[in-house]
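What follows is the content of model05.cif, which has mmCIF, C-alpha atoms:
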```cif
data_entry
loop_
_atom_site.label_atom_id
_atom_site.label_comp_id
_atom_site.auth_asym_id
_atom_site.auth_seq_id
_atom_site.Cartn_x
_atom_site.Cartn_y
_atom_site.Cartn_z
CA MET R 29 1.51 3.24 54.79
CA ASP R 30 3.69 0.20 54.08
CA LYS R 31 0.74 -1.66 52.51
CA ALA R 32 0.08 1.20 50.08
CA GLU R 33 3.70 1.58 48.95
CA THR R 34 3.29 -0.44 45.74
CA ASP R 35 0.14 1.46 44.78
CA VAL R 36 1.62 4.87 45.52
CA LEU R 37 4.79 4.12 43.57
CA ALA R 38 3.13 2.30 40.66
CA TYR R 39 4.07 5.13 38.30
CA MET R 40 7.75 4.25 38.83
CA GLN R 41 7.24 1.13 36.67
CA PHE R 42 6.81 3.37 33.61
CA PRO R 43 9.74 4.69 31.56
CA ALA R 44 11.47 7.72 33.08
CA GLN R 45 10.19 10.03 30.31
CA HIS R 46 6.58 9.25 31.33
CA ARG R 47 6.95 9.59 35.08
CA ALA R 48 6.79 13.38 35.14
CA LYS R 49 3.51 13.23 33.22
CA ILE R 50 1.71 10.53 35.22
CA HIS R 51 2.80 11.20 38.80
CA SER R 52 0.10 13.87 39.03
CA THR R 53 -3.59 13.95 38.18
CA ASP R 54 -3.52 17.67 37.33
CA PRO R 55 -4.27 17.24 33.58
CA LEU R 56 -7.22 14.98 34.37
CA GLU R 57 -8.53 17.42 36.99
CA ARG R 58 -8.26 20.29 34.49
CA LEU R 59 -10.17 18.27 31.90
CA ASN R 60 -12.89 17.36 34.41
CA GLY R 61 -13.16 21.03 35.39
CA GLU R 62 -13.60 22.05 31.75
CA ILE R 63 -16.32 19.43 31.28
CA LYS R 64 -18.10 20.70 34.39
CA ARG R 65 -17.79 24.33 33.29
CA ARG R 66 -19.22 23.66 29.83
CA SER R 67 -22.03 21.46 31.12
CA ASP R 68 -22.98 24.14 33.67
CA VAL R 69 -23.34 26.62 30.79
CA VAL R 70 -25.86 24.31 29.10
CA GLY R 71 -27.74 23.72 32.33
CA ILE R 72 -30.37 21.10 31.52
CA PHE R 73 -29.72 18.57 28.79
CA PRO R 74 -32.68 17.31 26.74
CA ASN R 75 -31.48 13.70 26.82
CA GLU R 76 -28.51 11.45 27.54
CA ALA R 77 -27.32 11.57 23.92
CA ALA R 78 -26.83 15.34 24.23
CA VAL R 79 -24.57 14.87 27.25
CA ILE R 80 -22.55 12.22 25.42
CA ARG R 81 -22.17 14.50 22.36
CA LEU R 82 -20.93 17.43 24.47
CA ILE R 83 -18.47 15.39 26.53
CA GLY R 84 -17.32 13.48 23.45
CA ALA R 85 -16.65 16.73 21.61
CA LEU R 86 -14.68 18.08 24.57
CA LEU R 87 -12.61 14.90 24.79
CA LEU R 88 -11.86 14.99 21.05
CA GLU R 89 -10.88 18.66 21.33
CA GLN R 90 -8.55 17.90 24.25
CA ASN R 91 -7.03 14.94 22.41
CA ASP R 92 -6.30 17.17 19.40
CA GLU R 93 -4.70 19.81 21.62
CA TRP R 94 -2.50 17.22 23.36
CA ALA R 95 -1.51 15.70 20.00
CA VAL R 96 -0.20 18.96 18.52
CA GLN R 97 1.45 20.47 21.58
CA ARG R 98 5.18 21.09 21.26
CA ALA R 99 5.76 19.23 24.51
CA ARG R 100 3.20 16.50 23.90
CA TYR R 101 1.61 14.92 26.94
CA MET R 102 2.58 11.41 25.83
CA ALA R 103 3.47 10.43 22.31
CA LEU R 104 2.03 7.24 20.85
CA GLU R 105 5.56 6.30 19.81
CA THR R 106 6.64 6.12 23.46
CA ILE R 107 3.50 4.37 24.70
CA ALA R 108 3.22 1.62 22.06
CA PRO R 109 6.40 -0.28 23.10
CA MET R 110 5.02 -0.70 26.62
CA SER R 111 2.50 -3.29 25.39
CA ASP R 112 3.23 -6.80 24.17
CA HIS R 113 0.07 -6.67 22.06
CA PRO R 114 -0.52 -3.05 21.00
CA ILE R 115 -4.09 -2.42 19.92
CA VAL R 116 -3.04 0.34 17.56
CA SER R 117 -0.02 -0.11 15.39
CA LEU R 118 2.00 2.91 14.35
CA THR R 119 2.17 1.74 10.74
CA LYS R 120 -1.63 1.70 10.45
CA LEU R 121 -1.81 5.26 11.76
CA ALA R 122 0.75 6.44 9.22
CA ASP R 123 -1.32 5.17 6.25
#
```
Translate the structure described by the file into structure tokens.
Amino acid sequence: MDKAETDVLAYMQFPAQHRAKIHSTDPLERLNGEIKRRSDVVGIFPNEAAVIRLIGALLLEQNDEWAVQRARYMALETIAPMSDHPIVSLTKLAD
């Protein structure tokens, strides 16, 4: 238990406003469940590209839902300062 302490409490290194969002894997589990549900409806996929298209569409849909929620999952504005070298700059997104 003592050896795992740093791994278990890794989320505490994030800003306080993020901790409530990342201490649980519930959103990820819900997303995985939705992917499984929709892929079960299809049954057999004709090829790998079809699987990638379906899962990609679901991930884009989920991203759009998270982006417009009143209580957003995590705003880019709060995530960007956590990196010394942000891959995406906020000014480029605004253009």
At a cut-off of 9 Å, using only C-alpha atoms, what residues contact R:Met40? Leave out same-chain residues fewer than 4 positions from it and give the result as a ChimeraX atom specification.
/R:44,47,51
When the PyMOL selection byres ((chain R and resi 54-64) around 12) is applied to the file above, which residues end up in the set, as a count of residues only?
30
Which value, in Å to one decimal, gives the distance between atom CA of R:Met110 and atom CA of R:Phe42?
8.3 Å
